[in-house]
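J.: mmCIF, C-alpha atoms, file data.cif:
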data_query
loop_
_atom_site.group_PDB
_atom_site.id
_atom_site.type_symbol
_atom_site.label_atom_id
_atom_site.label_comp_id
_atom_site.auth_asym_id
_atom_site.auth_seq_id
_atom_site.Cartn_x
_atom_site.Cartn_y
_atom_site.Cartn_z
ATOM 1 C CA MET A 1 191.972 175.413 103.223
ATOM 2 C CA THR A 2 188.845 176.078 101.177
ATOM 3 C CA ASP A 3 185.656 175.058 102.926
ATOM 4 C CA LEU A 4 183.929 172.275 101.123
ATOM 5 C CA ASP A 5 180.151 172.551 100.818
ATOM 6 C CA PRO A 6 178.942 170.475 103.806
ATOM 7 C CA VAL A 7 175.655 169.683 102.067
ATOM 8 C CA ILE A 8 177.477 167.848 99.269
ATOM 9 C CA HIS A 9 180.578 166.728 101.139
ATOM 10 C CA ALA A 10 179.081 163.535 102.580
ATOM 11 C CA GLN A 11 179.276 160.216 100.833
ATOM 12 C CA ALA A 12 175.585 159.502 100.283
ATOM 13 C CA ARG A 13 174.666 163.029 99.199
ATOM 14 C CA LEU A 14 177.733 163.282 96.983
ATOM 15 C CA ARG A 15 176.646 160.101 95.215
ATOM 16 C CA ILE A 16 173.113 161.445 94.726
ATOM 17 C CA VAL A 17 174.281 164.811 93.412
ATOM 18 C CA ALA A 18 176.947 163.258 91.151
ATOM 19 C CA ALA A 19 174.340 160.937 89.644
ATOM 20 C CA LEU A 20 171.771 163.713 89.162
ATOM 21 C CA ALA A 21 174.451 165.885 87.539
ATOM 22 C CA THR A 22 174.703 163.363 84.673
ATOM 23 C CA LEU A 23 171.133 164.231 83.683
ATOM 24 C CA ASP A 24 170.668 166.976 81.127
ATOM 25 C CA GLU A 25 169.339 170.270 82.389
ATOM 26 C CA GLY A 26 165.553 169.987 82.444
ATOM 27 C CA GLU A 27 165.674 166.190 82.587
ATOM 28 C CA SER A 28 164.396 164.441 85.724
ATOM 29 C CA ILE A 29 164.203 160.961 87.220
ATOM 30 C CA THR A 30 161.648 159.184 89.374
ATOM 31 C CA PHE A 31 162.427 158.315 92.984
ATOM 32 C CA PRO A 32 162.280 154.507 92.522
ATOM 33 C CA ARG A 33 164.453 154.584 89.400
ATOM 34 C CA LEU A 34 167.073 156.750 91.136
ATOM 35 C CA GLN A 35 166.939 154.418 94.140
ATOM 36 C CA GLU A 36 167.501 151.417 91.871
ATOM 37 C CA LEU A 37 170.361 153.005 89.929
ATOM 38 C CA LEU A 38 172.075 154.228 93.103
ATOM 39 C CA ASP A 39 171.387 150.978 94.927
ATOM 40 C CA MET A 40 170.312 152.805 98.087
ATOM 41 C CA THR A 41 167.480 152.035 100.479
ATOM 42 C CA ALA A 42 164.370 154.176 100.117
ATOM 43 C CA GLY A 43 164.778 155.493 103.666
ATOM 44 C CA ASN A 44 168.390 156.491 103.192
ATOM 45 C CA LEU A 45 167.698 158.118 99.830
ATOM 46 C CA SER A 46 164.754 160.143 101.109
ATOM 47 C CA THR A 47 166.650 161.301 104.203
ATOM 48 C CA HIS A 48 169.464 162.684 102.089
ATOM 49 C CA LEU A 49 167.131 164.034 99.405
ATOM 50 C CA ARG A 50 165.333 166.034 102.080
ATOM 51 C CA LYS A 51 168.616 167.671 103.099
ATOM 52 C CA LEU A 52 169.391 168.449 99.477
ATOM 53 C CA GLU A 53 165.893 169.797 98.964
ATOM 54 C CA ASP A 54 166.207 171.968 102.093
ATOM 55 C CA ALA A 55 169.404 173.453 100.661
ATOM 56 C CA ASP A 56 167.515 174.110 97.413
ATOM 57 C CA TYR A 57 169.910 171.829 95.517
ATOM 58 C CA VAL A 58 167.270 169.335 94.446
ATOM 59 C CA VAL A 59 163.763 169.975 93.231
ATOM 60 C CA VAL A 60 161.142 167.353 94.060
ATOM 61 C CA GLU A 61 158.122 167.439 91.816
ATOM 62 C CA LYS A 62 155.013 165.400 92.443
ATOM 63 C CA ALA A 63 153.243 164.474 89.226
ATOM 64 C CA HIS A 64 150.691 161.872 88.236
ATOM 65 C CA ALA A 65 150.997 159.048 85.740
ATOM 66 C CA GLY A 66 147.311 158.198 85.369
ATOM 67 C CA ARG A 67 146.200 157.698 88.988
ATOM 68 C CA THR A 68 149.575 156.790 90.398
ATOM 69 C CA PRO A 69 151.531 159.605 91.969
ATOM 70 C CA VAL A 70 155.077 159.899 90.643
ATOM 71 C CA THR A 71 157.885 161.859 92.255
ATOM 72 C CA TYR A 72 160.383 163.396 89.850
ATOM 73 C CA LEU A 73 163.779 164.577 91.037
ATOM 74 C CA ALA A 74 166.327 166.868 89.463
ATOM 75 C CA LEU A 75 169.122 169.203 90.458
ATOM 76 C CA THR A 76 168.156 172.844 90.666
ATOM 77 C CA LYS A 77 170.356 175.423 88.942
ATOM 78 C CA ARG A 78 171.734 176.223 92.361
ATOM 79 C CA GLY A 79 172.423 172.528 92.996
ATOM 80 C CA ARG A 80 174.171 172.052 89.660
ATOM 81 C CA ARG A 81 176.312 175.121 90.311
ATOM 82 C CA ALA A 82 177.087 173.960 93.860
ATOM 83 C CA PHE A 83 178.214 170.581 92.500
ATOM 84 C CA GLU A 84 180.478 172.255 89.937
ATOM 85 C CA ASP A 85 181.912 174.578 92.580
ATOM 86 C CA TYR A 86 182.427 171.596 94.875
ATOM 87 C CA THR A 87 184.354 169.546 92.292
ATOM 88 C CA ASP A 88 186.363 172.650 91.324
ATOM 89 C CA ALA A 89 187.231 173.148 94.998
ATOM 90 C CA LEU A 90 188.337 169.504 95.276
ATOM 91 C CA ARG A 91 190.574 169.855 92.234
ATOM 92 C CA ALA A 92 192.025 173.094 93.599
ATOM 93 C CA LEU A 93 192.752 171.368 96.920
ATOM 94 C CA LEU A 94 194.478 168.496 95.153
ATOM 95 C CA GLU A 95 196.558 170.807 92.976
ATOM 96 C CA GLY A 96 197.510 172.833 96.043
ATOM 97 C CA ALA A 97 198.607 169.706 97.881
ATOM 98 C CA PRO A 98 202.347 168.953 97.793
ATOM 99 C CA MET B 99 170.907 157.499 109.335
ATOM 100 C CA ASP B 100 173.962 155.650 108.270
ATOM 101 C CA ASP B 101 177.075 157.125 109.864
ATOM 102 C CA ASN B 102 179.251 155.328 107.375
ATOM 103 C CA GLU B 103 177.585 157.228 104.537
ATOM 104 C CA ASP B 104 178.139 160.548 106.210
ATOM 105 C CA ARG B 105 181.774 160.339 107.147
ATOM 106 C CA PRO B 106 183.869 163.104 105.604
ATOM 107 C CA LEU B 107 185.900 162.246 102.559
ATOM 108 C CA ASP B 108 189.359 163.408 101.659
ATOM 109 C CA PRO B 109 189.464 165.391 98.390
ATOM 110 C CA ALA B 110 191.019 162.627 96.300
ATOM 111 C CA ALA B 111 188.522 160.068 97.561
ATOM 112 C CA ALA B 112 185.641 162.471 96.966
ATOM 113 C CA LEU B 113 186.704 163.124 93.353
ATOM 114 C CA ALA B 114 187.171 159.402 92.799
ATOM 115 C CA LEU B 115 183.700 158.774 94.221
ATOM 116 C CA VAL B 116 182.174 161.342 91.835
ATOM 117 C CA ALA B 117 183.820 159.671 88.846
ATOM 118 C CA SER B 118 182.964 156.111 89.863
ATOM 119 C CA GLN B 119 179.393 157.026 90.813
ATOM 120 C CA GLN B 120 178.744 158.752 87.495
ATOM 121 C CA ASP B 121 180.298 155.867 85.595
ATOM 122 C CA ASP B 122 178.298 153.310 87.576
ATOM 123 C CA PHE B 123 175.078 155.300 87.080
ATOM 124 C CA GLU B 124 175.523 155.173 83.312
ATOM 125 C CA ARG B 125 176.534 151.515 83.251
ATOM 126 C CA ARG B 126 173.443 150.545 85.197
ATOM 127 C CA GLN B 127 171.234 152.448 82.755
ATOM 128 C CA ALA B 128 172.842 150.616 79.831
ATOM 129 C CA ARG B 129 172.316 147.151 81.285
ATOM 130 C CA SER B 130 169.933 146.052 78.509
ATOM 131 C CA VAL B 131 172.226 147.171 75.675
ATOM 132 C CA PRO B 132 174.091 143.813 75.430
ATOM 133 C CA TRP B 133 170.754 142.000 75.108
ATOM 134 C CA ILE B 134 169.612 144.336 72.326
ATOM 135 C CA LEU B 135 172.888 143.755 70.459
ATOM 136 C CA LEU B 136 172.652 140.006 71.040
ATOM 137 C CA ALA B 137 169.104 140.008 69.627
ATOM 138 C CA TRP B 138 170.260 141.857 66.480
ATOM 139 C CA GLY B 139 173.279 139.596 66.169
ATOM 140 C CA ILE B 140 171.021 136.526 66.096
ATOM 141 C CA VAL B 141 168.580 138.238 63.696
ATOM 142 C CA TRP B 142 171.382 139.108 61.257
ATOM 143 C CA VAL B 143 173.266 135.814 61.428
ATOM 144 C CA VAL B 144 170.259 133.495 61.198
ATOM 145 C CA GLY B 145 168.130 135.782 58.994
ATOM 146 C CA PHE B 146 170.785 136.444 56.360
ATOM 147 C CA LEU B 147 171.987 132.821 56.383
ATOM 148 C CA ALA B 148 168.377 131.840 55.615
ATOM 149 C CA LEU B 149 168.296 134.228 52.636
ATOM 150 C CA TRP B 150 171.715 133.013 51.532
ATOM 151 C CA SER B 151 170.459 129.406 51.630
ATOM 152 C CA ILE B 152 167.832 130.094 48.942
ATOM 153 C CA ASP B 153 170.324 129.904 46.074
ATOM 154 C CA ALA B 154 173.914 129.825 47.333
ATOM 155 C CA LEU B 155 174.231 126.109 48.021
ATOM 156 C CA ARG B 156 172.494 124.743 44.920
ATOM 157 C CA PRO B 157 172.273 122.014 43.878
ATOM 158 C CA ALA B 158 173.208 120.374 47.191
ATOM 159 C CA PHE B 159 170.671 122.351 49.212
ATOM 160 C CA ALA B 160 168.061 125.020 48.627
ATOM 161 C CA LEU B 161 165.889 126.573 51.280
ATOM 162 C CA PRO B 162 162.536 127.412 49.652
ATOM 163 C CA ALA B 163 162.324 131.195 49.211
ATOM 164 C CA PRO B 164 159.001 131.662 51.079
ATOM 165 C CA ILE B 165 160.449 129.854 54.124
ATOM 166 C CA ALA B 166 163.703 131.841 54.010
ATOM 167 C CA ILE B 167 161.895 135.156 53.631
ATOM 168 C CA GLY B 168 159.482 134.127 56.380
ATOM 169 C CA ILE B 169 162.388 133.367 58.752
ATOM 170 C CA PHE B 170 164.093 136.643 57.876
ATOM 171 C CA THR B 171 160.955 138.761 58.255
ATOM 172 C CA GLY B 172 159.897 137.019 61.461
ATOM 173 C CA LEU B 173 163.330 137.580 63.007
ATOM 174 C CA MET B 174 163.372 141.249 61.957
ATOM 175 C CA VAL B 175 159.979 141.802 63.590
ATOM 176 C CA ALA B 176 161.172 139.972 66.709
ATOM 177 C CA GLY B 177 164.316 142.143 66.740
ATOM 178 C CA VAL B 178 162.275 145.339 66.577
ATOM 179 C CA VAL B 179 159.943 144.125 69.357
ATOM 180 C CA VAL B 180 162.823 143.054 71.624
ATOM 181 C CA SER B 181 164.689 146.356 71.142
ATOM 182 C CA ALA B 182 161.536 148.371 71.702
ATOM 183 C CA ILE B 183 160.701 146.547 74.950
ATOM 184 C CA LEU B 184 164.257 146.728 76.293
ATOM 185 C CA GLY B 185 164.646 150.332 75.117
ATOM 186 C CA ILE B 186 161.504 151.375 76.957
ATOM 187 C CA ARG B 187 162.673 149.482 80.056
ATOM 188 C CA MET B 188 166.016 151.306 79.978
ATOM 189 C CA GLY B 189 164.361 154.686 79.624
ATOM 190 C CA ARG B 190 161.818 154.115 82.374
ATOM 191 C CA GLY B 191 161.794 156.581 85.223
ATOM 192 C CA PHE B 192 163.416 159.319 83.164
ATOM 193 C CA ARG B 193 161.537 162.382 82.002
ATOM 194 C CA SER B 194 163.358 164.175 79.234
ATOM 195 C CA THR B 195 163.199 167.780 78.164
ATOM 196 C CA PRO B 196 160.768 168.700 75.366
ATOM 197 C CA ALA B 197 163.791 169.323 73.123
ATOM 198 C CA ALA B 198 165.217 165.836 73.769
ATOM 199 C CA ALA B 199 161.782 164.260 73.331
ATOM 200 C CA PHE B 200 161.502 166.020 69.964
ATOM 201 C CA THR B 201 164.909 164.715 68.868
ATOM 202 C CA GLY B 202 163.945 161.192 69.867
ATOM 203 C CA LYS B 203 160.607 161.363 68.095
ATOM 204 C CA VAL B 204 162.069 162.738 64.841
ATOM 205 C CA PHE B 205 164.816 160.120 64.948
ATOM 206 C CA GLY B 206 162.339 157.286 65.477
ATOM 207 C CA ILE B 207 159.963 158.454 62.752
ATOM 208 C CA THR B 208 162.838 159.049 60.300
ATOM 209 C CA CYS B 209 164.017 155.505 60.936
ATOM 210 C CA SER B 210 160.617 153.944 60.143
ATOM 211 C CA ALA B 211 159.889 156.359 57.293
ATOM 212 C CA GLY B 212 163.325 155.644 55.812
ATOM 213 C CA PHE B 213 162.570 151.922 55.563
ATOM 214 C CA VAL B 214 159.241 152.617 53.861
ATOM 215 C CA ALA B 215 160.952 155.078 51.492
ATOM 216 C CA VAL B 216 163.629 152.528 50.524
ATOM 217 C CA TYR B 217 160.924 149.923 49.933
ATOM 218 C CA LEU B 218 158.909 152.321 47.759
ATOM 219 C CA LEU B 219 162.006 153.372 45.804
ATOM 220 C CA GLY B 220 162.734 149.705 45.111
ATOM 221 C CA ALA B 221 159.136 149.102 44.040
ATOM 222 C CA ALA B 222 159.303 152.083 41.682
ATOM 223 C CA LEU B 223 162.579 150.884 40.168
ATOM 224 C CA LEU B 224 161.102 147.397 39.653
ATOM 225 C CA GLN B 225 158.205 149.040 37.851
ATOM 226 C CA HIS B 226 160.690 150.764 35.565
ATOM 227 C CA GLY B 227 162.125 147.387 34.648
ATOM 228 C CA MET B 228 164.976 146.965 37.149
ATOM 229 C CA PRO B 229 166.271 143.396 36.636
ATOM 230 C CA ARG B 230 165.735 140.923 39.505
ATOM 231 C CA ASP B 231 169.438 140.358 40.072
ATOM 232 C CA VAL B 232 169.943 144.099 40.487
ATOM 233 C CA ALA B 233 166.986 144.244 42.887
ATOM 234 C CA ASN B 234 168.534 141.363 44.873
ATOM 235 C CA VAL B 235 171.534 143.613 45.515
ATOM 236 C CA LEU B 236 169.841 146.994 45.729
ATOM 237 C CA PHE B 237 167.204 146.139 48.358
ATOM 238 C CA PRO B 238 169.421 144.630 51.046
ATOM 239 C CA VAL B 239 172.264 147.092 50.462
ATOM 240 C CA LEU B 240 169.998 150.140 50.707
ATOM 241 C CA PHE B 241 168.281 148.810 53.827
ATOM 242 C CA ILE B 242 171.593 148.111 55.486
ATOM 243 C CA LEU B 243 173.021 151.493 54.486
ATOM 244 C CA LEU B 244 169.990 153.071 56.119
ATOM 245 C CA VAL B 245 170.569 151.049 59.299
ATOM 246 C CA ALA B 246 174.224 152.136 59.217
ATOM 247 C CA LEU B 247 173.250 155.789 58.821
ATOM 248 C CA MET B 248 170.818 155.605 61.733
ATOM 249 C CA TYR B 249 173.534 154.107 63.986
ATOM 250 C CA VAL B 250 175.949 156.884 63.044
ATOM 251 C CA MET B 251 173.282 159.537 63.594
ATOM 252 C CA ALA B 252 172.273 158.010 66.943
ATOM 253 C CA GLY B 253 175.924 158.035 67.973
ATOM 254 C CA ALA B 254 176.252 161.671 66.931
ATOM 255 C CA ILE B 255 173.062 162.805 68.672
ATOM 256 C CA TRP B 256 173.531 160.917 71.956
ATOM 257 C CA HIS B 257 177.346 160.976 71.981
ATOM 258 C CA VAL B 258 177.860 157.226 71.765
ATOM 259 C CA LYS B 259 181.136 156.651 69.932
ATOM 260 C CA PRO B 260 180.721 152.847 69.640
ATOM 261 C CA ALA B 261 177.451 153.440 67.740
ATOM 262 C CA VAL B 262 179.342 155.635 65.235
ATOM 263 C CA ALA B 263 181.955 152.894 64.819
ATOM 264 C CA LEU B 264 179.288 150.206 64.453
ATOM 265 C CA GLY B 265 177.378 152.262 61.870
ATOM 266 C CA THR B 266 180.526 152.967 59.884
ATOM 267 C CA TRP B 267 181.471 149.286 59.863
ATOM 268 C CA ILE B 268 177.967 148.272 58.737
ATOM 269 C CA ALA B 269 178.076 150.855 55.915
ATOM 270 C CA VAL B 270 181.375 149.405 54.694
ATOM 271 C CA VAL B 271 179.923 145.881 54.880
ATOM 272 C CA ALA B 272 176.871 147.029 52.886
ATOM 273 C CA LEU B 273 179.012 148.577 50.142
ATOM 274 C CA VAL B 274 181.346 145.589 49.940
ATOM 275 C CA GLY B 275 178.197 143.463 49.704
ATOM 276 C CA ALA B 276 177.061 145.512 46.718
ATOM 277 C CA PHE B 277 180.221 144.456 44.869
ATOM 278 C CA VAL B 278 180.041 140.850 46.073
ATOM 279 C CA GLY B 279 176.512 140.562 44.673
ATOM 280 C CA TYR B 280 173.792 137.978 45.033
ATOM 281 C CA PRO B 281 173.724 135.475 46.728
ATOM 282 C CA HIS B 282 176.988 135.717 48.657
ATOM 283 C CA LEU B 283 176.355 139.248 49.917
ATOM 284 C CA TYR B 284 173.957 137.570 52.355
ATOM 285 C CA LEU B 285 176.760 135.412 53.714
ATOM 286 C CA LEU B 286 178.833 138.568 54.160
ATOM 287 C CA PHE B 287 175.959 140.332 55.967
ATOM 288 C CA ALA B 288 175.420 137.309 58.221
ATOM 289 C CA LEU B 289 179.077 137.013 59.221
ATOM 290 C CA ALA B 290 180.518 140.547 59.052
ATOM 291 C CA GLY B 291 177.242 142.280 59.981
ATOM 292 C CA GLY B 292 175.732 139.817 62.457
ATOM 293 C CA GLY B 293 179.180 139.031 63.811
ATOM 294 C CA VAL B 294 179.876 142.631 64.771
ATOM 295 C CA PHE B 295 176.602 142.809 66.738
ATOM 296 C CA LEU B 296 177.590 139.644 68.609
ATOM 297 C CA ILE B 297 181.049 141.053 69.352
ATOM 298 C CA GLY B 298 179.391 144.309 70.456
ATOM 299 C CA ALA B 299 177.100 142.353 72.783
ATOM 300 C CA VAL B 300 180.081 140.676 74.465
ATOM 301 C CA VAL B 301 182.008 143.962 74.751
ATOM 302 C CA MET B 302 179.024 145.821 76.203
ATOM 303 C CA ALA B 303 178.213 142.985 78.604
ATOM 304 C CA THR B 304 181.793 143.052 79.881
ATOM 305 C CA TRP B 305 181.673 146.824 80.283
ATOM 306 C CA ALA B 306 178.296 146.776 82.018
ATOM 307 C CA ARG B 307 179.431 144.145 84.499
ATOM 308 C CA THR B 308 182.803 145.491 85.572
ATOM 309 C CA GLY B 309 183.793 148.449 87.656
ATOM 310 C CA ARG B 310 180.609 148.573 89.704
ATOM 311 C CA LEU B 311 180.776 150.428 92.968
ATOM 312 C CA LYS B 312 181.460 148.015 95.715
ATOM 313 C CA GLY B 313 180.484 148.198 99.369
ATOM 314 C CA LEU B 314 178.470 151.356 98.927
ATOM 315 C CA ASN B 315 175.010 149.879 99.273
ATOM 316 C CA GLY B 316 172.912 152.408 101.094
#
Written as structure tokens, that's how I'd like the structure from this file.
T.:
Amino acid sequence: MTDLDPVIHAQARLRIVAALATLDEGESITFPRLQELLDMTAGNLSTHLRKLEDADYVVVEKAHAGRTPVTYLALTKRGRRAFEDYTDALRALLEGAP
Amino acid sequence: MDDNEDRPLDPAAALALVASQQDDFERRQARSVPWILLAWGIVWVVGFLALWSIDALRPAFALPAPIAIGIFTGLMVAGVVVSAILGIRMGRGFRSTPAAAFTGKVFGITCSAGFVAVYLLGAALLQHGMPRDVANVLFPVLFILLVALMYVMAGAIWHVKPAVALGTWIAVVALVGAFVGYPHLYLLFALAGGGVFLIGAVVMATWARTGRLKGLNG
């Protein structure tokens, strides 16, 4: 059996990565907006984002809108590729299944 | 940490989660779309019925032209303001690429510039002696054709098939209106044009409210 990427293969992180994968390459989203659209708690989202950031799947960029700090999130190239590989692996597993 | 969120998934469930999450993510972003369509539906129905009421029901009833035009213009301005506010709300929290920002800017400016261009063309034609009854057909039909074109273009650029369908329908309505002529083209625009926005609002509201992820609140 193919090993599924353990970073992505967990419900909360899979949801985050799947959602971020709908963004165009180069596009990013703020933390609160992602939290709202995913309907996750801030604590839960940041815990899982940290794991994704540690794996270099998500890039967290701190910017400023006037004086307010804004955190922008996006998949890295590596993250986008990992997500594609992960879904390919799932499909392969399903096709291989009797 | 929530153990429930971290339990392993079987492949089928994981693929299903990817699909439903991506679908849900896009639905939630589009939550204001029904309201924008509803606003335009009201603007078209009430606005064009007001213009229609200037001459169509004589001698039983005639809405004075300045009042009718005032209602129409006021509603159009309100429609633009409502869509702008809701559009900005929908886009909040997203930072696009410079290329996408450029596309959006050119699209927006073309839209506004197109309306000014149609108005100026009409003014020029009036100067060259275009009869009033021709102007009564030309102005609304050209404006609506432009709206139709912008919907089709928006659909093509942002891959929104319903916008292409809506734009195509509006273009057909505009051209049929050109043959119907004044004043009943306004009745056509109110019913077939405004009506399709209202139907669109109901369809989009239904879509935006169904199929949400359930029991996955983090």
J.: Restricting the calculation to all atoms listed in the file, which member of B:Arg193, B:Val144, B:Asp108, B:Met302 is positioned closest to Ala63 in chain A?
T.: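 Residue with the minimum atom-to-atom distance to Ala63 in chain A: B:Arg193.
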J.: Might you spell out which residues the PyMOL selection byres ((chain B and resi 149-156) around 7) would select in the displayed file, as a VMD selection string?
T.: chain B and resid 145 to 148 157 to 163 166 to 167 281 to 282 284 to 285
J.: So which one's closest to chain A, B:Ser118, B:Thr195, B:Thr171, B:Ser210? Using only C-alpha atoms, please.
T.: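 Under the stated criterion, the closest residue is B:Thr195.
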J.: So which one's closest to Ile29 in chain A, B:Pro229, B:Gln127, B:Ser181, B:Met251? Using all atoms listed in the file, please.
T.: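 Among the listed residues, B:Gln127 lies closest to Ile29 in chain A.
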J.: Could you give me, as a VMD selection string, the residues that sit within 7 Å of (165.8, 173.3, 87.2) in the file's coordinates, counting only C-alpha atoms?
T.: chain A and resid 25 to 26 74 to 77
J.: Select residues of chain A: the criterion is any atom within 10 Å of an atom of chain B, counting all atoms listed in the file; output as a PyMOL selection string.
T.: chain A and resi 4+6+9-45+47-48+70-74+86-94
J.: Mind filling out range 15-27 of chain A with N, CA, C and O atoms and sending it as a PDB file, keeping the file's coordinate frame?
T.:
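Saved as part.pdb:
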ATOM      1  N   ARG A  15     177.044 161.077  96.230  1.00  0.00           N
ATOM      2  CA  ARG A  15     176.646 160.101  95.215  1.00  0.00           C
ATOM      3  C   ARG A  15     175.359 160.538  94.523  1.00  0.00           C
ATOM      4  O   ARG A  15     175.235 160.439  93.301  1.00  0.00           O
ATOM      5  N   ILE A  16     174.398 161.017  95.303  1.00  0.00           N
ATOM      6  CA  ILE A  16     173.113 161.445  94.726  1.00  0.00           C
ATOM      7  C   ILE A  16     173.330 162.610  93.767  1.00  0.00           C
ATOM      8  O   ILE A  16     172.854 162.605  92.629  1.00  0.00           O
ATOM      9  N   VAL A  17     174.070 163.617  94.236  1.00  0.00           N
ATOM     10  CA  VAL A  17     174.281 164.811  93.412  1.00  0.00           C
ATOM     11  C   VAL A  17     175.088 164.477  92.154  1.00  0.00           C
ATOM     12  O   VAL A  17     174.759 164.926  91.050  1.00  0.00           O
ATOM     13  N   ALA A  18     176.120 163.642  92.311  1.00  0.00           N
ATOM     14  CA  ALA A  18     176.947 163.258  91.151  1.00  0.00           C
ATOM     15  C   ALA A  18     176.083 162.553  90.101  1.00  0.00           C
ATOM     16  O   ALA A  18     176.196 162.806  88.900  1.00  0.00           O
ATOM     17  N   ALA A  19     175.209 161.668  90.573  1.00  0.00           N
ATOM     18  CA  ALA A  19     174.340 160.937  89.644  1.00  0.00           C
ATOM     19  C   ALA A  19     173.365 161.898  88.962  1.00  0.00           C
ATOM     20  O   ALA A  19     173.205 161.862  87.735  1.00  0.00           O
ATOM     21  N   LEU A  20     172.746 162.780  89.748  1.00  0.00           N
ATOM     22  CA  LEU A  20     171.771 163.713  89.162  1.00  0.00           C
ATOM     23  C   LEU A  20     172.445 164.686  88.187  1.00  0.00           C
ATOM     24  O   LEU A  20     171.818 165.156  87.243  1.00  0.00           O
ATOM     25  N   ALA A  21     173.728 164.957  88.416  1.00  0.00           N
ATOM     26  CA  ALA A  21     174.451 165.885  87.539  1.00  0.00           C
ATOM     27  C   ALA A  21     174.674 165.292  86.145  1.00  0.00           C
ATOM     28  O   ALA A  21     174.956 166.031  85.200  1.00  0.00           O
ATOM     29  N   THR A  22     174.546 163.965  86.009  1.00  0.00           N
ATOM     30  CA  THR A  22     174.703 163.363  84.673  1.00  0.00           C
ATOM     31  C   THR A  22     173.454 163.591  83.811  1.00  0.00           C
ATOM     32  O   THR A  22     173.497 163.414  82.601  1.00  0.00           O
ATOM     33  N   LEU A  23     172.350 163.943  84.449  1.00  0.00           N
ATOM     34  CA  LEU A  23     171.133 164.231  83.683  1.00  0.00           C
ATOM     35  C   LEU A  23     171.286 165.573  82.970  1.00  0.00           C
ATOM     36  O   LEU A  23     171.963 166.471  83.473  1.00  0.00           O
ATOM     37  N   ASP A  24     170.642 165.691  81.816  1.00  0.00           N
ATOM     38  CA  ASP A  24     170.668 166.976  81.127  1.00  0.00           C
ATOM     39  C   ASP A  24     169.829 167.975  81.908  1.00  0.00           C
ATOM     40  O   ASP A  24     168.914 167.596  82.642  1.00  0.00           O
ATOM     41  N   GLU A  25     170.131 169.254  81.720  1.00  0.00           N
ATOM     42  CA  GLU A  25     169.339 170.270  82.389  1.00  0.00           C
ATOM     43  C   GLU A  25     167.894 170.157  81.895  1.00  0.00           C
ATOM     44  O   GLU A  25     167.655 170.063  80.687  1.00  0.00           O
ATOM     45  N   GLY A  26     166.958 170.120  82.819  1.00  0.00           N
ATOM     46  CA  GLY A  26     165.553 169.987  82.444  1.00  0.00           C
ATOM     47  C   GLY A  26     165.072 168.547  82.463  1.00  0.00           C
ATOM     48  O   GLY A  26     163.879 168.278  82.427  1.00  0.00           O
ATOM     49  N   GLU A  27     166.035 167.607  82.518  1.00  0.00           N
ATOM     50  CA  GLU A  27     165.674 166.190  82.587  1.00  0.00           C
ATOM     51  C   GLU A  27     165.460 165.830  84.061  1.00  0.00           C
ATOM     52  O   GLU A  27     166.095 166.411  84.941  1.00  0.00           O
TER      53      GLU A  27
END
